[in-house]
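**Q** One file: structure-v5.cif (mmCIF, C-alpha atoms and all ligand atoms).
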data_data
loop_
_atom_site.label_atom_id
_atom_site.label_comp_id
_atom_site.auth_asym_id
_atom_site.auth_seq_id
_atom_site.Cartn_x
_atom_site.Cartn_y
_atom_site.Cartn_z
CA LEU S 1 18.61 128.21 199.67
CA VAL S 2 20.57 125.15 198.56
CA ARG S 3 24.02 124.37 200.00
CA ALA S 4 26.64 121.82 198.90
CA VAL S 5 27.25 119.90 202.13
CA PRO S 6 30.16 117.45 202.67
CA VAL S 7 28.94 113.92 203.43
CA GLY S 8 32.13 111.85 203.16
CA CYS S 9 35.82 111.96 202.35
CA GLY S 10 38.72 109.58 201.78
CA HIS S 11 42.28 109.36 200.58
CA TYR S 12 44.84 106.99 199.14
CA LEU S 13 48.63 107.03 199.18
CA PRO S 14 50.73 104.63 197.08
CA ALA S 15 52.64 102.06 199.17
CA ARG S 16 56.16 103.17 198.27
CA VAL S 17 57.60 105.76 200.67
CA VAL S 18 60.62 107.74 199.47
CA GLU S 19 62.67 109.31 202.26
CA ASN S 20 64.78 112.44 201.67
CA GLU S 21 67.95 110.33 202.01
CA GLU S 22 67.12 108.52 198.74
CA PHE S 23 67.67 111.77 196.82
CA ALA S 24 70.96 112.43 198.63
CA ALA S 25 72.31 109.19 197.13
CA THR S 26 72.11 110.51 193.54
CA LEU S 27 71.93 114.32 193.86
CA ASP S 28 73.91 117.11 195.54
CA THR S 29 71.32 117.52 198.30
CA THR S 30 70.78 116.55 201.94
CA ASP S 31 67.90 115.54 204.18
CA GLU S 32 68.78 118.61 206.28
CA TRP S 33 68.40 121.02 203.29
CA ILE S 34 65.07 119.55 202.18
CA ARG S 35 63.64 119.47 205.71
CA THR S 36 64.65 122.97 206.74
CA ARG S 37 63.75 124.67 203.41
CA THR S 38 60.48 122.86 202.76
CA GLY S 39 59.33 120.86 205.83
CA ILE S 40 59.25 117.71 203.66
CA GLU S 41 60.70 114.50 205.17
CA ARG S 42 59.24 111.86 202.84
CA ARG S 43 56.71 111.40 200.05
CA HIS S 44 54.92 108.50 198.34
CA PHE S 45 55.58 107.47 194.73
CA ALA S 46 53.17 105.37 192.67
CA ALA S 47 54.32 101.92 191.58
CA GLU S 48 55.06 101.17 187.94
CA GLY S 49 51.71 100.69 186.20
CA GLU S 50 49.81 102.52 188.95
CA ALA S 51 48.05 105.44 187.23
CA THR S 52 46.37 108.61 188.51
CA SER S 53 42.94 107.00 187.97
CA ASP S 54 43.99 104.06 190.20
CA LEU S 55 44.90 106.45 193.03
CA ALA S 56 41.68 108.42 192.45
CA THR S 57 39.55 105.26 192.43
CA ALA S 58 41.05 104.05 195.71
CA ALA S 59 40.33 107.43 197.36
CA ALA S 60 36.83 107.50 195.86
CA ARG S 61 35.99 104.08 197.35
CA VAL S 62 37.01 105.23 200.83
CA ALA S 63 34.91 108.41 200.46
CA LEU S 64 31.88 106.41 199.26
CA ALA S 65 32.18 104.04 202.26
CA ASP S 66 32.56 107.04 204.59
CA ALA S 67 29.33 108.52 203.17
CA GLY S 68 27.48 105.18 203.09
CA LEU S 69 26.97 105.55 199.31
CA THR S 70 27.82 103.66 196.12
CA GLY S 71 29.03 105.00 192.78
CA ALA S 72 25.48 104.71 191.44
CA ASP S 73 24.38 107.41 193.92
CA LEU S 74 26.56 110.11 192.30
CA ASP S 75 25.31 112.58 189.66
CA ALA S 76 28.68 114.10 188.79
CA LEU S 77 32.36 113.35 189.26
CA ILE S 78 35.12 115.91 188.90
CA VAL S 79 38.80 114.99 188.97
CA ALA S 80 41.34 117.78 189.44
CA THR S 81 44.67 116.64 188.01
CA ALA S 82 47.67 117.86 186.04
CA THR S 83 48.87 114.28 185.52
CA PRO S 84 46.01 112.55 183.65
CA ASP S 85 46.23 108.89 182.62
CA GLN S 86 45.84 109.84 178.95
CA THR S 87 45.56 113.10 177.01
CA PHE S 88 41.92 112.11 176.58
CA PRO S 89 39.39 110.96 177.68
CA ALA S 90 39.24 112.56 181.11
CA THR S 91 40.72 110.63 184.02
CA ALA S 92 37.33 111.22 185.69
CA ALA S 93 35.68 109.01 183.05
CA ARG S 94 38.01 106.13 183.97
CA VAL S 95 37.21 106.61 187.66
CA GLN S 96 33.49 106.79 186.81
CA ALA S 97 33.72 103.35 185.21
CA SER S 98 35.75 101.79 188.00
CA ILE S 99 33.43 102.92 190.84
CA GLY S 100 30.28 101.69 189.05
CA MET S 101 28.80 105.12 188.36
CA ARG S 102 26.61 104.38 185.34
CA GLY S 103 24.72 107.68 184.95
CA GLY S 104 25.57 111.34 185.36
CA PHE S 105 28.72 112.93 183.96
CA ALA S 106 32.45 113.08 184.68
CA PHE S 107 35.15 115.54 183.68
CA ASP S 108 38.62 116.79 184.65
CA ILE S 109 39.76 120.20 185.81
CA GLN S 110 43.26 121.48 185.19
CA ALA S 111 44.41 124.21 187.56
CA VAL S 112 47.50 122.35 188.85
CA CYS S 113 47.94 122.83 192.61
CA ALA S 114 44.82 125.03 192.81
CA GLY S 115 42.83 122.30 191.02
CA PHE S 116 40.96 121.02 194.05
CA VAL S 117 39.71 124.49 195.02
CA PHE S 118 38.68 125.15 191.40
CA ALA S 119 36.87 121.78 191.29
CA LEU S 120 35.08 122.49 194.57
CA ALA S 121 33.82 125.78 193.14
CA GLN S 122 32.48 123.96 190.06
CA ALA S 123 30.80 121.27 192.20
CA ASN S 124 29.22 124.02 194.27
CA ALA S 125 27.95 125.78 191.13
CA LEU S 126 26.47 122.52 189.76
CA ILE S 127 24.63 121.87 193.02
CA LEU S 128 23.41 125.47 193.43
CA ALA S 129 22.17 125.49 189.81
CA GLY S 130 20.26 122.24 190.37
CA SER S 131 22.33 120.45 187.69
CA ALA S 132 23.47 117.78 190.17
CA ARG S 133 22.45 116.70 193.65
CA ARG S 134 25.49 114.66 194.64
CA VAL S 135 28.98 115.41 193.35
CA MET S 136 32.30 113.74 194.11
CA VAL S 137 35.37 115.95 193.84
CA ILE S 138 38.76 114.22 193.65
CA GLY S 139 42.27 115.64 193.57
CA ALA S 140 44.68 113.00 192.24
CA GLU S 141 48.25 113.20 190.95
CA THR S 142 51.25 111.12 189.90
CA PHE S 143 53.74 114.00 189.81
CA SER S 144 56.60 111.48 190.05
CA ARG S 145 55.99 110.89 186.30
CA ILE S 146 56.74 114.51 185.33
CA LEU S 147 59.82 115.21 187.44
CA ASP S 148 63.36 115.81 186.23
CA PHE S 149 65.29 113.60 188.66
CA THR S 150 68.51 115.45 187.81
CA ASP S 151 67.06 118.81 188.99
CA ARG S 152 67.48 118.99 192.77
CA SER S 153 65.46 122.22 192.99
CA THR S 154 62.22 120.51 191.87
CA CYS S 155 62.36 116.70 192.13
CA VAL S 156 62.63 116.63 195.94
CA LEU S 157 59.44 118.63 196.39
CA PHE S 158 56.65 116.49 194.92
CA GLY S 159 54.78 113.29 195.71
CA ASP S 160 51.85 111.15 194.51
CA GLY S 161 48.44 110.63 196.11
CA ALA S 162 44.70 111.24 195.94
CA GLY S 163 41.90 112.62 198.10
CA ALA S 164 38.13 112.66 197.54
CA LEU S 165 35.21 114.60 198.97
CA ILE S 166 31.50 113.98 198.35
CA LEU S 167 29.07 116.92 198.41
CA GLU S 168 25.29 116.71 198.59
CA ALA S 169 22.54 119.29 198.12
CA ALA S 170 20.82 120.30 201.37
CA GLU S 171 18.57 123.17 202.39
CA GLY S 172 20.24 126.03 204.25
CA THR S 173 19.24 129.46 205.48
CA GLY S 174 21.83 131.31 203.38
CA GLY S 175 23.68 132.49 206.47
CA PRO S 176 27.21 131.69 207.69
CA GLU S 177 25.81 129.18 210.21
CA ASP S 178 24.82 126.80 207.38
CA ARG S 179 26.76 123.61 206.80
CA GLY S 180 28.38 123.26 203.37
CA ILE S 181 30.39 125.39 200.96
CA LEU S 182 29.88 128.96 202.16
CA ALA S 183 32.13 130.78 199.66
CA THR S 184 34.79 130.29 197.00
CA ASP S 185 37.26 132.77 195.51
CA LEU S 186 39.15 131.94 192.30
CA HIS S 187 41.90 133.70 190.34
CA SER S 188 44.36 133.09 187.54
CA ASP S 189 46.95 135.20 185.74
CA GLY S 190 48.38 133.58 182.61
CA ARG S 191 51.22 136.10 182.35
CA TYR S 192 53.13 134.03 184.92
CA ASN S 193 53.44 130.85 182.83
CA GLU S 194 57.26 130.92 182.94
CA LEU S 195 57.42 130.74 186.74
CA LEU S 196 55.96 127.22 186.94
CA TYR S 197 55.19 124.97 183.98
CA VAL S 198 55.77 121.60 182.36
CA ASP S 199 58.06 121.82 179.32
CA GLY S 200 56.02 119.48 177.11
CA GLY S 201 52.53 118.66 175.90
CA PRO S 202 50.60 117.05 173.03
CA SER S 203 50.38 120.19 170.85
CA THR S 204 53.98 121.36 171.39
CA THR S 205 56.64 118.71 171.97
CA GLY S 206 54.38 115.67 171.71
CA SER S 207 55.83 114.38 174.98
CA ALA S 208 54.67 114.78 178.58
CA GLY S 209 57.58 117.00 179.66
CA VAL S 210 58.88 117.74 183.16
CA VAL S 211 58.24 120.39 185.82
CA ARG S 212 60.20 123.65 185.59
CA MET S 213 59.92 126.15 188.42
CA ALA S 214 61.35 129.47 189.58
CA GLY S 215 60.98 128.52 193.25
CA GLN S 216 61.81 131.85 194.90
CA GLU S 217 59.45 133.81 192.63
CA ILE S 218 56.61 131.35 193.29
CA PHE S 219 57.31 131.61 197.01
CA LYS S 220 56.83 135.41 196.95
CA HIS S 221 53.59 135.24 194.94
CA ALA S 222 52.29 132.44 197.17
CA VAL S 223 52.47 134.22 200.50
CA VAL S 224 50.80 137.41 199.20
CA LYS S 225 48.12 135.80 197.00
CA LEU S 226 47.15 133.03 199.44
CA ALA S 227 46.55 135.50 202.28
CA GLU S 228 44.52 137.74 199.93
CA THR S 229 42.31 134.95 198.56
CA GLY S 230 41.85 133.39 202.01
CA SER S 231 40.68 136.71 203.46
CA ALA S 232 38.39 137.34 200.45
CA ALA S 233 36.72 133.93 200.79
CA LEU S 234 36.20 134.41 204.53
CA ALA S 235 34.63 137.84 203.97
CA ALA S 236 32.37 136.43 201.22
CA ALA S 237 31.23 133.74 203.67
CA GLY S 238 30.37 136.40 206.27
CA LEU S 239 33.05 135.04 208.63
CA SER S 240 36.34 136.27 210.08
CA LYS S 241 39.70 134.73 211.03
CA THR S 242 38.49 133.91 214.55
CA ASP S 243 35.75 131.68 213.08
CA VAL S 244 38.29 129.40 211.36
CA ASN S 245 38.57 126.04 213.15
CA TRP S 246 40.98 124.56 210.58
CA LEU S 247 43.14 126.09 207.89
CA VAL S 248 43.62 123.30 205.31
CA PRO S 249 46.22 124.79 202.95
CA HIS S 250 47.81 123.40 199.82
CA GLN S 251 50.83 121.51 201.13
CA ALA S 252 53.78 122.83 199.12
CA ASN S 253 56.19 124.20 201.68
CA LEU S 254 55.90 124.49 205.47
CA ARG S 255 57.39 127.98 205.40
CA ILE S 256 54.72 129.19 202.94
CA MET S 257 51.99 127.60 205.07
CA THR S 258 53.33 129.19 208.27
CA MET S 259 53.73 132.66 206.74
CA THR S 260 50.23 132.49 205.18
CA ALA S 261 48.65 131.42 208.48
CA ASN S 262 50.41 134.30 210.24
CA LYS S 263 49.19 136.79 207.62
CA LEU S 264 45.64 135.43 207.89
CA GLY S 265 45.82 135.55 211.69
CA VAL S 266 45.07 131.83 212.11
CA PRO S 267 47.05 130.20 214.98
CA LEU S 268 49.50 127.50 213.87
CA ASP S 269 47.83 124.79 215.99
CA ARG S 270 44.76 125.29 213.74
CA VAL S 271 46.69 124.47 210.55
CA VAL S 272 46.46 120.93 209.12
CA VAL S 273 50.01 119.92 208.12
CA THR S 274 50.74 116.79 206.08
CA VAL S 275 53.57 118.11 203.87
CA ARG S 276 56.15 116.32 206.09
CA ASP S 277 54.87 112.91 205.01
CA HIS S 278 53.32 113.64 201.57
CA GLY S 279 55.47 116.36 199.95
CA ASN S 280 53.63 118.52 197.43
CA THR S 281 50.94 116.36 195.79
CA SER S 282 49.54 119.28 193.74
CA ALA S 283 45.73 119.01 193.33
CA ALA S 284 45.63 116.08 195.76
CA SER S 285 47.21 117.89 198.70
CA ILE S 286 44.14 119.63 200.16
CA PRO S 287 41.73 116.65 200.02
CA LEU S 288 44.55 114.41 201.32
CA ALA S 289 45.15 116.72 204.28
CA LEU S 290 41.41 117.06 204.86
CA SER S 291 40.86 113.30 204.82
CA VAL S 292 43.85 112.58 207.09
CA ALA S 293 42.57 115.14 209.64
CA HIS S 294 39.02 113.79 209.34
CA ALA S 295 40.14 110.17 209.81
CA ALA S 296 42.05 111.27 212.93
CA GLY S 297 38.82 112.71 214.35
CA ARG S 298 40.17 116.27 214.35
CA ILE S 299 37.37 117.77 212.21
CA LEU S 300 34.05 117.99 214.02
CA PRO S 301 30.55 118.74 212.67
CA GLY S 302 30.09 122.51 212.48
CA ASP S 303 33.82 123.25 212.13
CA VAL S 304 34.74 126.02 209.67
CA LEU S 305 37.47 124.99 207.22
CA LEU S 306 39.43 127.49 205.14
CA MET S 307 41.19 125.88 202.15
CA GLU S 308 43.64 127.81 199.98
CA ALA S 309 46.02 126.92 197.16
CA ILE S 310 48.26 128.37 194.45
CA GLY S 311 49.98 126.70 191.53
CA GLY S 312 50.97 126.88 187.90
CA GLY S 313 49.06 129.37 185.76
CA LEU S 314 49.42 131.11 188.03
CA SER S 315 46.11 129.89 189.44
CA TRP S 316 45.02 130.42 193.01
CA GLY S 317 41.94 130.45 195.18
CA ALA S 318 40.23 129.60 198.44
CA ALA S 319 37.08 127.94 199.74
CA VAL S 320 35.25 128.21 203.05
CA VAL S 321 33.35 125.08 204.08
CA ARG S 322 31.40 124.41 207.27
CA TRP S 323 31.74 120.67 207.99
N1 LIG S 401 69.33 120.57 197.88
C1 LIG S 401 70.36 121.40 198.12
N2 LIG S 401 70.44 122.64 197.61
C2 LIG S 401 69.43 123.03 196.80
C3 LIG S 401 68.34 122.21 196.49
C4 LIG S 401 68.31 120.94 197.07
N3 LIG S 401 67.32 120.07 196.85
N4 LIG S 401 67.53 122.89 195.66
C5 LIG S 401 68.06 124.08 195.46
N5 LIG S 401 69.24 124.17 196.14
C6 LIG S 401 70.17 125.30 196.21
C7 LIG S 401 70.04 126.26 195.06
O1 LIG S 401 70.75 125.77 193.94
C8 LIG S 401 70.64 127.49 195.63
O2 LIG S 401 72.04 127.39 195.56
P1 LIG S 401 72.95 128.68 195.21
O3 LIG S 401 72.67 129.66 196.31
O4 LIG S 401 74.32 128.10 195.21
O5 LIG S 401 72.45 129.13 193.87
C9 LIG S 401 70.26 127.44 197.10
O6 LIG S 401 69.88 126.08 197.34
C10 LIG S 401 69.10 128.34 197.47
O7 LIG S 401 68.05 128.17 196.47
P2 LIG S 401 66.72 128.95 196.54
O8 LIG S 401 65.90 128.61 195.35
O9 LIG S 401 67.01 130.38 196.83
O10 LIG S 401 66.09 128.28 197.86
P3 LIG S 401 64.76 128.64 198.60
O11 LIG S 401 65.03 128.87 200.02
O12 LIG S 401 63.95 129.63 197.83
O13 LIG S 401 64.01 127.23 198.54
C11 LIG S 401 62.22 126.18 197.34
C12 LIG S 401 63.69 126.65 197.31
C13 LIG S 401 62.11 125.14 198.42
C14 LIG S 401 61.90 125.60 195.98
C15 LIG S 401 61.31 127.37 197.66
O14 LIG S 401 61.64 128.46 196.86
C16 LIG S 401 59.86 127.04 197.48
O15 LIG S 401 59.30 126.20 198.16
N6 LIG S 401 59.19 127.76 196.55
C17 LIG S 401 57.78 127.59 196.32
C18 LIG S 401 57.59 126.36 195.51
C19 LIG S 401 56.18 125.97 195.45
O16 LIG S 401 55.43 126.13 196.37
N7 LIG S 401 55.86 125.36 194.35
C20 LIG S 401 54.64 124.73 194.27
C21 LIG S 401 53.57 125.50 193.65
S1 LIG S 401 52.72 124.12 193.30
C22 LIG S 401 52.39 123.72 191.67
O17 LIG S 401 51.58 124.37 191.03
C23 LIG S 401 53.10 122.52 191.08
#
Please express the file's structure as structure tokens.
Ligand code: ACO
**A**
Amino acid sequence: LVRAVPVGCGHYLPARVVENEEFAATLDTTDEWIRTRTGIERRHFAAEGEATSDLATAAARVALADAGLTGADLDALIVATATPDQTFPATAARVQASIGMRGGFAFDIQAVCAGFVFALAQANALILAGSARRVMVIGAETFSRILDFTDRSTCVLFGDGAGALILEAAEGTGGPEDRGILATDLHSDGRYNELLYVDGGPSTTGSAGVVRMAGQEIFKHAVVKLAETGSAALAAAGLSKTDVNWLVPHQANLRIMTMTANKLGVPLDRVVVTVRDHGNTSAASIPLALSVAHAAGRILPGDVLLMEAIGGGLSWGAAVVRW
């Protein structure tokens, strides 16, 4: 049986760091409010002229070096993003060109904050079907471009960044002891559009629009749905909560992450937390957290990782990966 096994990862954060205090200068907010309600202390914002594909390319290069590969070694490239460079072509096609990947195919996935988990599931399916042997999955966002900086309830939450993971086909036994993607669990429910959306787009307003969110409602859905999808993915992998070495959640809000870990029964010292320094980077948050933990030497071969995310759509899901 074929498995999609991780062989390298990397991340990139734009140079500019924006501390909570910067928002307090122009909005009726405080560092104290943002920190205690969300866990966020700072985030990175892309420089003028720095696009999502630039962030994605930088992360991709680190992942390729980590795997000892070049762009030419990839068969497929998937970018999960809600903030593409252009309406079309796909941001993935721009990244494909800039990393020197001349063959294969590249496309984007749009599932907002759940985008990385959705993209992982597609990469897994491509590898299991024999359509690709080596796939790079990138989550990359410039959410700073779609924020309403007069709305204190949304603009303080998000940041920019990118993370990349390379997967390669390898033989496994089919059991939970295999390395690689062991299970994925995906969901969406389009009835919840109004809870979290961008109020523009090419076929409606003709402009990019800005993020609109009913924060408390999203919070309630998040805690229930993330615990459900996390448990479902673990069961599908033939594993239980005690097998989880690292919970790598979407980094939206420390309180959501803590409540979800408690519901899943994963101890808090097994949760990778980067939201303090990154804010919510949407589709980039899981691969960013993964790559930061990997670079720090915290993720060891054989470790079981549970990733889970929820975002606009609503869209949510989880993946279980043995490193
Ligand atoms: N500074 C100060 N006060 C604020 C701020 C701010 N930045 N933002 C909101 N407030 C105020 C509100 O106006 C409200 O005031 P009021 O009581 O006078 O009306 C008060 O704080 C409480 O607001 P709530 O919305 O009830 O605050 P809550 O504790 O729910 O925290 C938050 C808000 C942080 C947004 C929280 O609901 C949350 O994190 N929700 C989930 C969001 C999320 O995860 N979104 C990402 C999904 S990802 C994606 O797909 C893009």
**Q** Counting all atoms listed in the file, which of S:Ala25, S:Leu165, S:Val266, S:Ile138 gets nearest to S:Leu234?
**A**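 The closest residue to S:Leu234 is S:Val266.
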**Q** With 4 Å on each side, where is the centre of the axis-aligned box around all listed atoms of stretch 219-230 of chain S, and how long are its edges in Å to one decimal, as JSON?
**A**
{"center_x": 49.6, "center_y": 134.7, "center_z": 198.6, "size_x": 23.5, "size_y": 14.1, "size_z": 15.3}
**Q** Compile a residue-level contact table for chain S against ligand LIG 401 (chain S) at a cut-off of 6 Å, reporting for every qualifying residue the shortest atom pair and its distance in Å to one decimal, with all atoms listed in the file counted, rows ordered by chain and ascending number, as a tab-separated table.
**A**
residue	atom	partner	partner_atom	distance
S:Thr29	CA	S:LIG401	N1	3.7
S:Thr30	CA	S:LIG401	N1	5.9
S:Trp33	CA	S:LIG401	N1	5.5
S:Ile34	CA	S:LIG401	N3	5.8
S:Arg37	CA	S:LIG401	C13	5.3
S:Thr38	CA	S:LIG401	C13	5.2
S:Val112	CA	S:LIG401	O17	5.0
S:Cys113	CA	S:LIG401	O17	4.3
S:Arg152	CA	S:LIG401	N3	4.2
S:Ser153	CA	S:LIG401	N4	3.4
S:Val156	CA	S:LIG401	N3	5.9
S:Gly215	CA	S:LIG401	O14	3.7
S:Gln216	CA	S:LIG401	O14	3.9
S:Ile218	CA	S:LIG401	C17	5.0
S:Phe219	CA	S:LIG401	C17	4.1
S:Ala252	CA	S:LIG401	O16	4.6
S:Asn253	CA	S:LIG401	O15	5.1
S:Ser282	CA	S:LIG401	C23	5.5
S:Gly311	CA	S:LIG401	O17	2.9
S:Gly312	CA	S:LIG401	O17	4.1
**Q** For the selection you just gave me, I'd like the residues written to a file as a JSON list (two decimals), keeping the file's coordinate frame, keeping C-alpha atoms.
**A**
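Result file is part.json:
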[["chain", "number", "residue", "atom", "x", "y", "z"],
["S", 29, "THR", "CA", 71.32, 117.52, 198.30],
["S", 30, "THR", "CA", 70.78, 116.55, 201.94],
["S", 33, "TRP", "CA", 68.40, 121.02, 203.29],
["S", 34, "ILE", "CA", 65.07, 119.55, 202.18],
["S", 37, "ARG", "CA", 63.75, 124.67, 203.41],
["S", 38, "THR", "CA", 60.48, 122.86, 202.76],
["S", 112, "VAL", "CA", 47.50, 122.35, 188.85],
["S", 113, "CYS", "CA", 47.94, 122.83, 192.61],
["S", 152, "ARG", "CA", 67.48, 118.99, 192.77],
["S", 153, "SER", "CA", 65.46, 122.22, 192.99],
["S", 156, "VAL", "CA", 62.63, 116.63, 195.94],
["S", 215, "GLY", "CA", 60.98, 128.52, 193.25],
["S", 216, "GLN", "CA", 61.81, 131.85, 194.90],
["S", 218, "ILE", "CA", 56.61, 131.35, 193.29],
["S", 219, "PHE", "CA", 57.31, 131.61, 197.01],
["S", 252, "ALA", "CA", 53.78, 122.83, 199.12],
["S", 253, "ASN", "CA", 56.19, 124.20, 201.68],
["S", 282, "SER", "CA", 49.54, 119.28, 193.74],
["S", 311, "GLY", "CA", 49.98, 126.70, 191.53],
["S", 312, "GLY", "CA", 50.97, 126.88, 187.90]]
**Q** Could you check how far atom CA of S:Ala67 sits from atom CA of S:Leu290, in Å to one decimal?
**A**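 So the two atoms, atom CA of S:Ala67 and atom CA of S:Leu290, lie 14.9 Å apart.
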**Q** Between S:Thr91, S:Asn245, S:Ser285, S:Ser144, single out the one closest to S:Val18, counting all atoms listed in the file.
**A**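 Smallest separation from S:Val18 among the options: S:Ser144.
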**Q** Would you list the residues near (38.3, 124.9, 195.8) (no more than 8 Å away, in the coordinates of the file, using only C-alpha atoms) as JSON, numbers by chain?
**A** {"S": [114, 115, 116, 117, 118, 119, 120, 121, 184, 185, 186, 307, 308, 317, 318, 319]}
**Q** Could you give me, as a list in words, the residues that have an atom at most 12 Å away from the point (68.6, 116.5, 207.0) in the coordinates of the file, using all atoms listed in the file?
**A** Glu19, Asn20, Glu21, Glu22, Phe23, Ala24, Thr29, Thr30, Asp31, Glu32, Trp33, Ile34, Arg35, Thr36, Arg37, Thr38, Gly39, Ile40, Glu41 and Arg42 of chain S
**Q** Please, could you write that set of residues out with C-alpha atoms as a tab-separated table (two decimals), in the frame of the given file?
**A**
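result01.tsv was written with the following content:
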chain	number	residue	atom	x	y	z
S	19	GLU	CA	62.67	109.31	202.26
S	20	ASN	CA	64.78	112.44	201.67
S	21	GLU	CA	67.95	110.33	202.01
S	22	GLU	CA	67.12	108.52	198.74
S	23	PHE	CA	67.67	111.77	196.82
S	24	ALA	CA	70.96	112.43	198.63
S	29	THR	CA	71.32	117.52	198.30
S	30	THR	CA	70.78	116.55	201.94
S	31	ASP	CA	67.90	115.54	204.18
S	32	GLU	CA	68.78	118.61	206.28
S	33	TRP	CA	68.40	121.02	203.29
S	34	ILE	CA	65.07	119.55	202.18
S	35	ARG	CA	63.64	119.47	205.71
S	36	THR	CA	64.65	122.97	206.74
S	37	ARG	CA	63.75	124.67	203.41
S	38	THR	CA	60.48	122.86	202.76
S	39	GLY	CA	59.33	120.86	205.83
S	40	ILE	CA	59.25	117.71	203.66
S	41	GLU	CA	60.70	114.50	205.17
S	42	ARG	CA	59.24	111.86	202.84
**Q** Rank S:Leu27, S:Ala46, S:Ala59, S:Leu77 by their smallest atom-to-atom distance to S:Ala123, using all atoms listed in the file, and report the top residue only.
**A**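 Answer, going by the shortest atom-to-atom distance: S:Leu77.
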**Q** Considering all atoms listed in the file, can you say which of S:Asp160, S:Glu177, S:Asp148, S:Asp66 comes closest to S:Ala51?
**A**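 Among the listed residues, S:Asp160 lies closest to S:Ala51.
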**Q** Using only C-alpha atoms, pick whichever of S:Gly209, S:Pro202, S:Gly230, S:Gly238 has the shortest atom-to-atom distance to S:Phe88.
**A**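 Using only C-alpha atoms, S:Phe88 sits closest to S:Pro202.
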**Q** As an exercise, work out the distance from atom CA of S:Trp246 to atom CA of S:Ile299 in Å and give it to one decimal place.
**A**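 That distance, rounded to one decimal, is 7.9 Å.
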**Q** Kindly indicate which residue among S:Ala235, S:Ala129, S:Val272, S:Leu74 lies nearest to S:Leu182, using all atoms listed in the file for the distances.
**A**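 Closest candidate: S:Ala235.
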**Q** State, in Å with one decimal place, the distance from atom CA of S:Val292 to atom CA of S:Arg61.
**A**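 Atom CA of S:Arg61 lies at a distance of 15.1 Å from atom CA of S:Val292.
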**Q** Give me the residues near S:Arg179 as a list in words, where near means some atom within 8 Å (using only C-alpha atoms) and where sequence neighbours in that chain fewer than 6 positions away do not count.
**A**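 My list of contacting residues is Arg3, Val5, Gly172, Gly302, Val321, Arg322 and Trp323 of chain S.
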**Q** Write out as a VMD selection string which residues come within 10 Å of S:Val198 when counting all atoms listed in the file, dropping same-chain ones fewer than 6 positions away.
**A** chain S and resid 82 146 to 147 208 to 213 312
**Q** Would you pick out the contacts of S:Phe105 at 10 Å or less, using all atoms listed in the file, so that residues sharing its chain but fewer than 4 positions from it are not included, and give the list as a list in words?
**A**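 The contact residues come out as Leu74, Asp75, Ala76, Leu77, Ile78, Ala92, Ala93, Gln96, Met101, Ala132 and Val135 of chain S.
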